[in-house]
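Okay, entry.cif now, which holds mmCIF, C-alpha atoms:
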data_entry
loop_
_atom_site.group_PDB
_atom_site.id
_atom_site.type_symbol
_atom_site.label_atom_id
_atom_site.label_comp_id
_atom_site.auth_asym_id
_atom_site.auth_seq_id
_atom_site.Cartn_x
_atom_site.Cartn_y
_atom_site.Cartn_z
ATOM 1 C CA MET J 1 100.780 100.103 102.474
ATOM 2 C CA TYR J 2 101.425 101.959 105.700
ATOM 3 C CA GLU J 3 104.934 102.905 104.548
ATOM 4 C CA LEU J 4 103.656 104.142 101.183
ATOM 5 C CA LEU J 5 101.635 106.707 103.102
ATOM 6 C CA GLU J 6 103.922 107.536 106.012
ATOM 7 C CA GLU J 7 107.264 107.523 104.252
ATOM 8 C CA GLY J 8 105.776 108.873 101.037
ATOM 9 C CA ILE J 9 104.307 111.955 102.711
ATOM 10 C CA ALA J 10 107.521 112.518 104.670
ATOM 11 C CA ASP J 11 109.550 112.558 101.456
ATOM 12 C CA PHE J 12 106.840 114.512 99.616
ATOM 13 C CA ALA J 13 107.209 117.293 102.201
ATOM 14 C CA THR J 14 110.819 117.761 101.078
ATOM 15 C CA ILE J 15 109.973 118.502 97.423
ATOM 16 C CA ALA J 16 107.789 121.587 97.895
ATOM 17 C CA ASN J 17 110.519 123.963 96.708
ATOM 18 C CA ARG J 18 112.170 121.770 94.098
ATOM 19 C CA PRO J 19 111.686 122.950 90.535
ATOM 20 C CA ARG J 20 111.031 119.427 89.180
ATOM 21 C CA MET J 21 110.088 115.919 90.290
ATOM 22 C CA ASP J 22 111.739 112.900 88.697
ATOM 23 C CA ILE J 23 109.483 110.072 87.522
ATOM 24 C CA ARG J 24 111.268 106.724 87.175
ATOM 25 C CA MET J 25 109.005 104.065 85.737
ATOM 26 C CA ASP J 26 111.591 101.358 86.435
ATOM 27 C CA ALA J 27 111.224 102.021 90.187
ATOM 28 C CA ILE J 28 107.415 101.956 89.974
ATOM 29 C CA LEU J 29 107.326 98.714 87.975
ATOM 30 C CA GLN J 30 109.934 97.110 90.256
ATOM 31 C CA PHE J 31 107.860 98.052 93.307
ATOM 32 C CA ARG J 32 104.822 96.315 91.842
ATOM 33 C CA GLU J 33 106.862 93.231 90.976
ATOM 34 C CA ASP J 34 108.425 93.129 94.447
ATOM 35 C CA LEU J 35 104.994 93.338 96.095
ATOM 36 C CA SER J 36 103.840 90.334 94.078
ATOM 37 C CA THR J 37 106.973 88.420 95.071
ATOM 38 C CA LEU J 38 106.707 89.341 98.739
ATOM 39 C CA VAL J 39 103.346 87.632 99.185
ATOM 40 C CA THR J 40 104.791 84.294 98.025
ATOM 41 C CA ILE J 41 107.780 84.161 100.381
ATOM 42 C CA VAL J 42 107.559 81.469 103.036
ATOM 43 C CA GLY J 43 108.953 82.288 106.449
ATOM 44 C CA LYS J 44 108.745 85.453 108.470
ATOM 45 C CA ARG J 45 112.497 86.113 108.475
ATOM 46 C CA LYS J 46 112.833 85.596 104.704
ATOM 47 C CA ALA J 47 109.855 87.875 104.048
ATOM 48 C CA GLU J 48 111.262 90.554 106.371
ATOM 49 C CA ASP J 49 114.688 90.349 104.712
ATOM 50 C CA PHE J 50 113.152 90.653 101.231
ATOM 51 C CA TYR J 51 110.999 93.553 102.379
ATOM 52 C CA GLU J 52 113.945 95.409 103.946
ATOM 53 C CA LYS J 53 116.114 94.861 100.886
ATOM 54 C CA ASN J 54 113.540 95.738 98.217
ATOM 55 C CA LEU J 55 110.612 97.713 99.582
ATOM 56 C CA SER J 56 111.448 99.399 102.859
ATOM 57 C CA HIS J 57 111.808 103.090 103.552
ATOM 58 C CA GLY J 58 115.565 102.651 103.912
ATOM 59 C CA ILE J 59 115.817 102.696 100.121
ATOM 60 C CA LEU J 60 115.385 106.286 98.989
ATOM 61 C CA THR J 61 115.380 105.754 95.225
ATOM 62 C CA LYS J 62 112.787 102.983 94.953
ATOM 63 C CA GLY J 63 110.439 100.958 97.114
ATOM 64 C CA SER J 64 107.763 102.390 99.371
ATOM 65 C CA TYR J 65 109.675 105.613 100.091
ATOM 66 C CA TYR J 66 109.945 106.694 96.457
ATOM 67 C CA CYS J 67 106.634 105.217 95.291
ATOM 68 C CA GLY J 68 104.723 106.811 98.179
ATOM 69 C CA LYS J 69 106.207 110.181 97.184
ATOM 70 C CA ILE J 70 105.098 109.577 93.582
ATOM 71 C CA MET J 71 101.574 108.818 94.820
ATOM 72 C CA CYS J 72 101.523 112.096 96.776
ATOM 73 C CA PHE J 73 102.892 113.963 93.753
ATOM 74 C CA ALA J 74 100.131 112.516 91.548
ATOM 75 C CA ILE J 75 97.581 113.888 94.017
ATOM 76 C CA GLU J 76 99.266 117.284 93.763
ATOM 77 C CA LEU J 77 99.252 117.115 89.948
ATOM 78 C CA ALA J 78 95.533 116.286 89.923
ATOM 79 C CA ILE J 79 94.829 119.354 92.054
ATOM 80 C CA ALA J 80 96.971 121.483 89.708
ATOM 81 C CA LYS J 81 94.975 120.191 86.750
ATOM 82 C CA LYS J 82 91.661 120.979 88.482
ATOM 83 C CA ARG J 83 92.948 124.500 89.240
ATOM 84 C CA GLY J 84 93.947 125.039 85.606
ATOM 85 C CA LYS J 85 97.692 125.206 86.305
ATOM 86 C CA PRO J 86 99.492 123.991 83.149
ATOM 87 C CA LEU J 87 102.663 122.019 83.766
ATOM 88 C CA LEU J 88 105.675 121.013 81.732
ATOM 89 C CA ALA J 89 107.411 117.662 81.396
ATOM 90 C CA TYR J 90 111.086 117.244 80.586
ATOM 91 C CA VAL J 91 112.879 114.392 78.884
ATOM 92 C CA GLY J 92 116.538 115.231 79.010
ATOM 93 C CA LYS J 93 116.736 118.847 77.815
ATOM 94 C CA GLU J 94 113.511 118.629 75.795
ATOM 95 C CA GLU J 95 110.437 120.416 77.174
ATOM 96 C CA TYR J 96 106.850 119.263 76.561
ATOM 97 C CA PRO J 97 103.457 120.499 77.745
ATOM 98 C CA LEU J 98 102.173 117.855 80.127
ATOM 99 C CA GLU J 99 98.838 117.049 78.578
ATOM 100 C CA ASP J 100 99.019 113.246 78.637
ATOM 101 C CA ILE J 101 101.016 111.937 81.589
ATOM 102 C CA ASP J 102 99.935 108.351 80.923
ATOM 103 C CA ARG J 103 101.493 108.497 77.453
ATOM 104 C CA PHE J 104 104.698 109.858 78.957
ATOM 105 C CA MET J 105 104.741 107.062 81.510
ATOM 106 C CA GLY J 106 104.301 104.479 78.772
ATOM 107 C CA LYS J 107 106.809 106.032 76.383
ATOM 108 C CA TYR J 108 109.649 107.210 78.643
ATOM 109 C CA ARG J 109 111.276 105.217 81.421
ATOM 110 C CA SER J 110 112.517 108.385 83.077
ATOM 111 C CA PHE J 111 111.353 111.998 82.876
ATOM 112 C CA GLU J 112 110.713 115.022 85.073
ATOM 113 C CA ILE J 113 107.641 117.113 85.757
ATOM 114 C CA GLU J 114 107.794 120.672 87.008
ATOM 115 C CA ASN J 115 106.425 121.202 90.482
ATOM 116 C CA PRO J 116 103.084 122.994 90.668
ATOM 117 C CA PRO J 117 102.885 126.318 92.543
ATOM 118 C CA LEU J 118 103.392 126.198 96.327
ATOM 119 C CA GLU J 119 99.704 126.797 97.097
ATOM 120 C CA VAL J 120 98.854 123.596 95.174
ATOM 121 C CA PHE J 121 101.471 121.690 97.163
ATOM 122 C CA LYS J 122 99.966 122.970 100.421
ATOM 123 C CA GLU J 123 96.465 121.941 99.378
ATOM 124 C CA ALA J 124 97.692 118.471 98.387
ATOM 125 C CA TYR J 125 99.639 118.062 101.610
ATOM 126 C CA GLN J 126 96.577 118.962 103.685
ATOM 127 C CA MET J 127 94.406 116.473 101.785
ATOM 128 C CA ILE J 128 96.974 113.716 102.172
ATOM 129 C CA ALA J 129 97.493 114.513 105.868
ATOM 130 C CA LEU J 130 93.787 113.801 106.446
ATOM 131 C CA THR J 131 94.448 110.190 105.423
ATOM 132 C CA ARG J 132 97.102 109.664 108.113
ATOM 133 C CA ASN J 133 96.913 106.141 109.549
ATOM 134 C CA LYS J 134 94.206 105.362 106.973
ATOM 135 C CA TYR J 135 96.134 103.927 104.061
ATOM 136 C CA ARG J 136 92.978 102.718 102.303
ATOM 137 C CA ASN J 137 91.759 106.338 102.196
ATOM 138 C CA PHE J 138 95.171 107.370 100.861
ATOM 139 C CA LEU J 139 94.938 104.698 98.178
ATOM 140 C CA ARG J 140 91.462 105.912 97.193
ATOM 141 C CA LEU J 141 92.718 109.508 97.030
ATOM 142 C CA TYR J 142 95.618 108.410 94.812
ATOM 143 C CA GLU J 143 93.316 106.380 92.572
ATOM 144 C CA SER J 144 91.012 109.389 92.219
ATOM 145 C CA ALA J 145 94.015 111.550 91.269
ATOM 146 C CA CYS J 146 95.086 109.019 88.648
ATOM 147 C CA GLU J 147 91.573 109.056 87.209
ATOM 148 C CA GLU J 148 91.688 112.859 87.012
ATOM 149 C CA LEU J 149 95.087 112.733 85.286
ATOM 150 C CA GLY J 150 94.172 109.853 82.976
ATOM 151 C CA ILE J 151 96.825 107.526 84.399
ATOM 152 C CA THR J 152 95.864 103.947 83.603
ATOM 153 C CA GLU J 153 96.333 101.050 86.003
ATOM 154 C CA LYS J 154 99.396 99.747 84.153
ATOM 155 C CA ASN J 155 101.238 102.981 85.027
ATOM 156 C CA MET J 156 99.963 103.402 88.582
ATOM 157 C CA VAL J 157 102.092 102.622 91.611
ATOM 158 C CA ILE J 158 99.228 100.539 92.959
ATOM 159 C CA SER J 159 95.491 100.528 92.423
ATOM 160 C CA TYR J 160 92.858 99.409 94.880
ATOM 161 C CA ALA J 161 92.205 96.405 92.622
ATOM 162 C CA THR J 162 95.915 95.490 92.686
ATOM 163 C CA TYR J 163 95.988 95.900 96.464
ATOM 164 C CA ASN J 164 92.981 93.582 96.849
ATOM 165 C CA ASP J 165 94.482 91.062 94.426
ATOM 166 C CA ILE J 166 97.789 90.970 96.314
ATOM 167 C CA LYS J 167 95.955 90.635 99.620
ATOM 168 C CA LYS J 168 93.921 87.685 98.266
ATOM 169 C CA LYS J 169 97.030 86.013 96.844
ATOM 170 C CA ALA J 170 98.849 86.366 100.150
ATOM 171 C CA THR J 171 95.910 84.961 102.090
ATOM 172 C CA LYS J 172 95.474 81.987 99.721
ATOM 173 C CA PHE J 173 99.209 81.304 99.660
ATOM 174 C CA TYR J 174 99.528 81.237 103.441
ATOM 175 C CA GLU J 175 96.314 79.234 103.909
ATOM 176 C CA LYS J 176 97.667 76.610 101.481
ATOM 177 C CA TYR J 177 101.065 76.651 103.170
ATOM 178 C CA ALA J 178 99.511 76.297 106.633
ATOM 179 C CA LYS J 179 97.347 73.383 105.412
ATOM 180 C CA GLU J 180 100.395 71.599 103.936
ATOM 181 C CA GLU J 181 102.346 72.122 107.158
ATOM 182 C CA ARG J 182 99.438 70.757 109.268
ATOM 183 C CA GLU J 183 99.224 67.694 107.041
ATOM 184 C CA LYS J 184 102.978 67.076 107.419
ATOM 185 C CA MET J 185 102.683 67.469 111.188
ATOM 186 C CA TYR J 186 99.746 65.007 111.348
ATOM 187 C CA GLU J 187 101.712 62.473 109.288
ATOM 188 C CA LYS J 188 104.653 62.841 111.652
ATOM 189 C CA ILE J 189 102.422 62.345 114.688
ATOM 190 C CA LYS J 190 100.815 59.264 113.097
ATOM 191 C CA GLY J 191 104.294 57.828 112.539
ATOM 192 C CA LEU J 192 105.258 58.447 116.161
ATOM 193 C CA VAL J 193 102.011 57.158 117.671
ATOM 194 C CA GLY J 194 101.946 54.143 115.451
#
Would you encode the structure as structure tokens?
Amino acid sequence: MYELLEEGIADFATIANRPRMDIRMDAILQFREDLSTLVTIVGKRKAEDFYEKNLSHGILTKGSYYCGKIMCFAIELAIAKKRGKPLLAYVGKEEYPLEDIDRFMGKYRSFEIENPPLEVFKEAYQMIALTRNKYRNFLRLYESACEELGITEKNMVISYATYNDIKKKATKFYEKYAKEEREKMYEKIKGLVG
């Protein structure tokens, strides 16, 4: 969660002057799947290796780096919508008015959205910067942006409900694992003590 915010905002800062932002649903869906897998991996080293390979900021085209940037961009798009700034979406060379981003996300695996005007970017960046070191606030800001844009949970990078669900799964998984390991240890001790 921390990397979604920190690496996402760092990469978001680089797109202010780009004409378009690419939206790759495969990367978003893979991120969600990888998060669910991560919480079931036993062993610190294995979990760290999986995280580095699949989710870490070292991967520029997917994982927390890309998905954090998409979250920041959604916040920017919500501000553009509130300010009445119409935007265009592009699928290949075809141009569409961006009225229903959720439909686009469900229909196309890859598309682009034009960047809003620079003043909208600056406003979004300032709002996001206020959440620094407070990833729950960042997640709430993103969720609010998705609500404004009409993006449903199935197309979100992560919702607060998904975050809580993953956290619960991880806690239950490791509690069960720790209990099983304690039981094995007690059986071993019983065998040694006699």
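Once the PyMOL selection byres ((chain J and resi 103) around 12) is applied to the shown structure, the selection contains Ala89, Leu98, Glu99, Asp100, Ile101, Asp102, Phe104, Met105, Gly106, Lys107, Tyr108, Arg109, Phe111, Leu149, Gly150, Ile151, Thr152, Lys154 and Asn155 of chain J.
Distance check against J:Tyr142 using only C-alpha atoms: of J:Arg32, J:Lys53, J:Arg18, J:Lys69, the minimum falls on J:Lys69.
The residues returned by the PyMOL selection byres ((chain J and resi 4-8) around 9) for this structure are J:Met1, J:Tyr2, J:Glu3, J:Ile9, J:Ala10, J:Asp11, J:Phe12, J:Ala13, J:His57, J:Gly63, J:Ser64, J:Tyr65, J:Tyr66, J:Cys67, J:Gly68, J:Lys69, J:Ile70, J:Met71, J:Cys72, J:Ile128, J:Thr131, J:Arg132, J:Asn133, J:Lys134, J:Tyr135, J:Phe138, J:Leu139.
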Applying the PyMOL selection byres ((chain J and resi 86) around 12) to the file I just gave you, which residues come out? Please list them as a JSON list (two decimals) with C-alpha atoms, keeping the file's coordinate frame.
[["chain", "number", "residue", "atom", "x", "y", "z"],
["J", 77, "LEU", "CA", 99.25, 117.12, 89.95],
["J", 78, "ALA", "CA", 95.53, 116.29, 89.92],
["J", 79, "ILE", "CA", 94.83, 119.35, 92.05],
["J", 80, "ALA", "CA", 96.97, 121.48, 89.71],
["J", 81, "LYS", "CA", 94.98, 120.19, 86.75],
["J", 82, "LYS", "CA", 91.66, 120.98, 88.48],
["J", 83, "ARG", "CA", 92.95, 124.50, 89.24],
["J", 84, "GLY", "CA", 93.95, 125.04, 85.61],
["J", 85, "LYS", "CA", 97.69, 125.21, 86.30],
["J", 87, "LEU", "CA", 102.66, 122.02, 83.77],
["J", 88, "LEU", "CA", 105.68, 121.01, 81.73],
["J", 89, "ALA", "CA", 107.41, 117.66, 81.40],
["J", 96, "TYR", "CA", 106.85, 119.26, 76.56],
["J", 97, "PRO", "CA", 103.46, 120.50, 77.74],
["J", 98, "LEU", "CA", 102.17, 117.86, 80.13],
["J", 99, "GLU", "CA", 98.84, 117.05, 78.58],
["J", 100, "ASP", "CA", 99.02, 113.25, 78.64],
["J", 113, "ILE", "CA", 107.64, 117.11, 85.76],
["J", 114, "GLU", "CA", 107.79, 120.67, 87.01],
["J", 115, "ASN", "CA", 106.42, 121.20, 90.48],
["J", 116, "PRO", "CA", 103.08, 122.99, 90.67],
["J", 117, "PRO", "CA", 102.88, 126.32, 92.54]]
J:Tyr90 proximity check over J:Glu147, J:Asp165, J:Glu153, J:Asp22, using all atoms listed in the file: winner is J:Asp22
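Residue nearest J:Met127 within the list J:Pro19, J:Phe73, J:Glu94, J:Asp34: J:Phe73 [criterion: smallest interatomic distance, all atoms listed in the file].
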Just checking: using only C-alpha atoms, which residue out of J:Ala47, J:Val39, J:Ile15, J:Leu141 ends up closest to J:Ile158? J:Leu141
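One distance worth recording is that between atom CA of J:Tyr125 and atom CA of J:Asn137, which is 14.1 Å.
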Students should find that atom CA of J:Lys168 and atom CA of J:Ile41 are spaced 14.5 Å
